[in-house]
$ cat my_file36.txt   # compact mmCIF, C-alpha atoms
# COMPACT_ATOMS: atom_id res chain seq x y z
CA MET R 1 22.15 3.64 -16.00
CA ILE R 2 19.34 1.04 -15.96
CA GLN R 3 18.76 -1.59 -18.62
CA PHE R 4 16.08 -4.27 -18.65
CA ASP R 5 16.83 -6.90 -21.30
CA HIS R 6 13.96 -9.39 -21.74
CA VAL R 7 13.23 -9.24 -18.00
CA SER R 8 10.39 -11.30 -16.56
CA LYS R 9 9.21 -11.83 -13.00
CA VAL R 10 6.81 -14.61 -12.08
CA TYR R 11 5.70 -14.87 -8.45
CA PRO R 12 5.54 -18.28 -6.70
CA ASN R 13 1.73 -18.31 -7.06
CA GLY R 14 2.09 -18.04 -10.86
CA THR R 15 1.19 -14.34 -11.13
CA VAL R 16 3.23 -12.61 -13.83
CA GLY R 17 4.65 -9.34 -12.50
CA LEU R 18 6.85 -8.52 -15.49
CA ASP R 19 6.62 -10.09 -18.93
CA ASP R 20 9.63 -9.72 -21.27
CA VAL R 21 10.40 -6.09 -20.39
CA ASN R 22 12.95 -4.20 -22.48
CA LEU R 23 13.72 -0.72 -21.19
CA THR R 24 16.75 1.55 -21.12
CA ILE R 25 17.01 4.53 -18.77
CA GLN R 26 19.98 6.81 -19.39
CA ASP R 27 22.18 8.32 -16.68
CA GLY R 28 20.60 11.56 -15.41
CA GLU R 29 17.24 10.89 -17.06
CA PHE R 30 13.86 11.61 -15.41
CA VAL R 31 11.43 8.82 -16.27
CA ALA R 32 7.78 8.41 -15.29
CA ILE R 33 6.20 4.97 -15.49
CA ILE R 34 2.44 5.04 -15.94
CA GLY R 35 -0.01 2.14 -16.02
CA ARG R 36 -3.08 0.60 -14.52
CA SER R 37 -3.12 -1.00 -11.09
CA GLY R 38 -1.50 -4.44 -11.19
CA ALA R 39 0.43 -3.75 -14.40
CA GLY R 40 3.79 -4.41 -12.72
CA LYS R 41 5.03 -0.85 -12.14
CA SER R 42 6.08 -1.41 -8.54
CA THR R 43 7.55 -4.80 -9.40
CA LEU R 44 9.66 -3.15 -12.09
CA LEU R 45 10.85 -0.45 -9.72
CA ARG R 46 11.57 -2.84 -6.85
CA SER R 47 13.55 -5.08 -9.20
CA VAL R 48 16.03 -2.27 -9.77
CA ASN R 49 17.28 -2.40 -6.17
CA ARG R 50 16.68 -6.16 -5.88
CA MET R 51 13.75 -5.92 -3.49
CA HIS R 52 12.25 -8.35 -6.03
CA ARG R 53 14.42 -10.91 -7.77
CA ILE R 54 13.72 -11.27 -11.49
CA THR R 55 12.88 -14.71 -12.90
CA SER R 56 14.60 -14.34 -16.27
CA GLY R 57 16.41 -11.86 -18.45
CA ILE R 58 19.21 -9.46 -17.56
CA LEU R 59 18.86 -6.34 -15.42
CA MET R 60 21.89 -4.05 -15.41
CA VAL R 61 22.18 -1.00 -13.14
CA ASN R 62 25.21 1.24 -13.57
CA GLY R 63 27.06 -1.60 -15.32
CA ILE R 64 26.24 -4.20 -12.64
CA ASN R 65 24.17 -7.32 -13.29
CA VAL R 66 21.71 -7.09 -10.40
CA SER R 67 20.90 -10.83 -10.49
CA THR R 68 24.45 -11.78 -9.50
CA LEU R 69 24.43 -9.75 -6.27
CA SER R 70 24.09 -11.18 -2.78
CA GLY R 71 25.26 -10.50 0.75
CA LYS R 72 27.78 -7.68 1.08
CA SER R 73 27.86 -6.92 -2.65
CA LEU R 74 24.07 -6.44 -2.65
CA ARG R 75 24.23 -4.17 0.40
CA ARG R 76 27.04 -2.14 -1.21
CA PHE R 77 25.04 -1.86 -4.46
CA ARG R 78 21.91 -0.67 -2.64
CA ARG R 79 23.86 2.23 -1.12
CA GLY R 80 23.74 3.90 -4.54
CA ILE R 81 19.96 3.56 -4.85
CA GLY R 82 17.54 5.89 -3.07
CA MET R 83 14.00 4.66 -2.52
CA VAL R 84 10.96 6.81 -1.73
CA PHE R 85 7.97 4.70 -0.73
CA GLN R 86 4.29 5.55 -1.12
CA SER R 87 3.77 5.14 2.62
CA PHE R 88 6.86 7.26 3.49
CA ASN R 89 8.29 4.61 5.89
CA LEU R 90 9.44 7.23 8.41
CA PHE R 91 10.29 6.23 11.97
CA ASN R 92 7.50 7.69 14.12
CA ASN R 93 9.65 7.76 17.26
CA MET R 94 12.33 9.93 15.62
CA SER R 95 12.42 13.57 14.64
CA VAL R 96 12.53 14.65 11.01
CA LEU R 97 16.26 15.27 11.35
CA LYS R 98 16.99 11.88 12.94
CA ASN R 99 14.92 10.14 10.24
CA CYS R 100 17.34 11.63 7.70
CA MET R 101 20.45 10.77 9.72
CA VAL R 102 19.94 7.19 10.92
CA GLY R 103 20.40 5.44 7.55
CA GLN R 104 23.54 7.40 6.82
CA MET R 105 25.08 6.40 10.14
CA LYS R 106 23.97 2.74 10.11
CA VAL R 107 24.46 1.91 6.43
CA LEU R 108 27.07 4.39 5.20
CA LYS R 109 28.93 4.52 8.55
CA ARG R 110 29.00 8.33 8.52
CA SER R 111 29.77 10.17 11.73
CA LYS R 112 26.85 11.77 13.57
CA GLU R 113 28.02 15.26 12.58
CA GLU R 114 28.57 14.35 8.92
CA ALA R 115 25.13 12.71 8.77
CA ARG R 116 23.59 15.76 10.45
CA GLN R 117 25.15 18.18 7.96
CA GLN R 118 24.07 16.04 5.00
CA ALA R 119 20.53 15.71 6.40
CA LEU R 120 20.26 19.46 7.01
CA LYS R 121 21.48 20.18 3.47
CA TYR R 122 18.71 18.11 1.88
CA LEU R 123 16.00 19.08 4.35
CA GLU R 124 16.77 22.67 3.36
CA LYS R 125 16.52 21.75 -0.35
CA VAL R 126 13.06 20.22 0.14
CA GLY R 127 11.81 23.08 2.32
CA MET R 128 11.68 21.09 5.57
CA ALA R 129 14.48 22.77 7.55
CA PRO R 130 11.98 24.55 9.87
CA TYR R 131 10.56 21.15 10.91
CA ILE R 132 13.74 19.27 11.87
CA ASN R 133 12.55 18.68 15.45
CA ALA R 134 9.02 17.62 14.51
CA LYS R 135 7.93 14.00 14.67
CA PRO R 136 6.20 12.47 11.60
CA ARG R 137 2.78 12.59 13.34
CA GLN R 138 3.13 16.39 13.60
CA ILE R 139 3.54 17.06 9.86
CA SER R 140 1.30 16.68 6.80
CA GLY R 141 1.46 13.97 4.13
CA GLY R 142 3.21 16.30 1.69
CA GLN R 143 5.75 17.24 4.35
CA LYS R 144 6.35 13.57 5.17
CA GLN R 145 7.00 12.93 1.49
CA ARG R 146 9.51 15.78 1.40
CA VAL R 147 11.29 14.25 4.41
CA ALA R 148 11.33 10.85 2.68
CA ILE R 149 12.88 12.46 -0.40
CA ALA R 150 15.48 14.31 1.71
CA ARG R 151 16.30 11.05 3.52
CA ALA R 152 16.85 9.25 0.21
CA LEU R 153 18.95 12.07 -1.24
CA ALA R 154 21.11 12.38 1.89
CA THR R 155 22.73 9.07 0.95
CA ASP R 156 23.99 10.58 -2.36
CA PRO R 157 22.25 8.02 -4.59
CA LYS R 158 23.00 7.65 -8.28
CA VAL R 159 19.38 6.56 -8.81
CA LEU R 160 16.23 7.74 -7.01
CA LEU R 161 13.25 5.36 -7.22
CA CYS R 162 9.84 6.78 -6.28
CA ASP R 163 7.12 4.17 -5.83
CA GLU R 164 3.86 6.10 -6.22
CA ALA R 165 5.33 8.78 -3.99
CA THR R 166 2.53 11.25 -4.76
CA SER R 167 -0.53 8.99 -4.98
CA ALA R 168 -2.00 9.93 -1.58
CA LEU R 169 -1.34 13.67 -1.92
CA ASP R 170 -3.62 16.50 -3.04
CA PRO R 171 -3.06 17.94 -6.56
CA THR R 172 -1.20 21.06 -5.34
CA THR R 173 1.18 19.04 -3.17
CA THR R 174 1.62 16.47 -5.97
CA ASN R 175 2.65 19.21 -8.41
CA SER R 176 5.01 20.65 -5.82
CA ILE R 177 6.68 17.26 -5.16
CA LEU R 178 7.02 16.53 -8.89
CA ALA R 179 8.55 19.97 -9.49
CA LEU R 180 10.97 19.34 -6.62
CA LEU R 181 12.01 15.95 -8.04
CA LYS R 182 12.54 17.47 -11.49
CA GLU R 183 14.63 20.28 -10.01
CA LEU R 184 16.76 17.82 -8.02
CA ASN R 185 17.20 15.72 -11.16
CA GLN R 186 18.38 18.74 -13.15
CA LYS R 187 20.59 20.27 -10.47
CA LEU R 188 22.12 17.11 -9.00
CA GLY R 189 22.05 14.88 -12.07
CA VAL R 190 20.35 12.06 -10.16
CA THR R 191 18.56 9.54 -12.36
CA VAL R 192 14.91 9.60 -11.23
CA VAL R 193 12.36 6.87 -11.95
CA ILE R 194 8.89 7.66 -10.66
CA ILE R 195 5.65 5.70 -10.79

$ encode --input "my_file36.txt" --output "structure tokens"
Amino acid sequence: MIQFDHVSKVYPNGTVGLDDVNLTIQDGEFVAIIGRSGAGKSTLLRSVNRMHRITSGILMVNGINVSTLSGKSLRRFRRGIGMVFQSFNLFNNMSVLKNCMVGQMKVLKRSKEEARQQALKYLEKVGMAPYINAKPRQISGGQKQRVAIARALATDPKVLLCDEATSALDPTTTNSILALLKELNQKLGVTVVII
């Protein structure tokens, strides 16, 4: 599913984000990337969906050379990648349900009803169905993370990237989120890469 072949990333200021990385992640695999702060974990993850452009090497995702993508082809490619950010990136002015619908309607061009059904399906899976009318400020950090996961899954991604998705959570919530991701990986076959 994901293959890094001698991939390097050097930032304009000369900082090396990735240095000759070789890594293969199989379809349906659950992979955790562990390392010290500044080791390049987020850079590696963000390279997969081209949030960061690699400097050298070849990065293939689902048979596509990521470096060759631009414009419409890049947008189309990103539709198959779900991203869960450390800071959740929820829209504070929208309900939990609308947070999970808006991307589907804007990016995937799904109808409002189709997006609603898909959002409800995944909010149920992550245990957030009772909170569909709540705004992000009304729910806890762990609940926000569950909404972010549901939002990412509602787009039917082939790959789910989690950038330190549990770093700000308490140990009990962290274990719960990790168990949820593992269950979704096993039941849905989604390739999960988590930092």

$ closest_residue --input "my_file36.txt" --among "R:Thr166, R:Ser140, R:Thr173, R:Thr191" --to "Leu153 of chain R" --atoms "only C-alpha atoms"
R:Thr191

$ atom_distance --input "my_file36.txt" --atom1 "atom CA of Ser176 of chain R" --atom2 "atom CA of Val84 of chain R"
15.6 Å

$ axis_aligned_box --input "my_file36.txt" --around "segment 175-190 of chain R" --padding-each-side "8 Å" --output "JSON"
{"center_x": 12.4, "center_y": 16.4, "center_z": -9.2, "size_x": 35.5, "size_y": 24.6, "size_z": 24.0}

$ closest_residue --input "my_file36.txt" --among "R:Ser73, R:Thr68, R:Asn13, R:Gln145" --to "Leu178 of chain R" --atoms "all atoms listed in the file"
R:Gln145

$ closest_residue --input "my_file36.txt" --among "R:Met128, R:Val48, R:Leu97, R:Val102" --to "Gly80 of chain R" --atoms "all atoms listed in the file"
R:Val48

$ closest_residue --input "my_file36.txt" --among "R:Gln86, R:Asn92, R:Gln138, R:Asn99" --to "Ile194 of chain R" --atoms "all atoms listed in the file"
R:Gln86

$ closest_residue --input "my_file36.txt" --among "R:Val147, R:Met105, R:Leu181, R:Leu44" --to "Ala134 of chain R" --atoms "only C-alpha atoms"
R:Val147

$ atom_distance --input "my_file36.txt" --atom1 "atom CA of Lys9 of chain R" --atom2 "atom CA of Gly82 of chain R"
22.0 Å

$ closest_residue --input "my_file36.txt" --among "R:Met83, R:Ala32, R:Leu188, R:Ala119" --to "Met51 of chain R" --atoms "only C-alpha atoms"
R:Met83

$ residues_around --input "my_file36.txt" --residues "Phe85 of chain R" --least-positions-apart "3" --cutoff "12 Å" --atoms "all atoms listed in the file" --output "PyMOL selection string"
chain R and resi 42+45-46+82+88-90+144-149+151-152+160-168+194-195
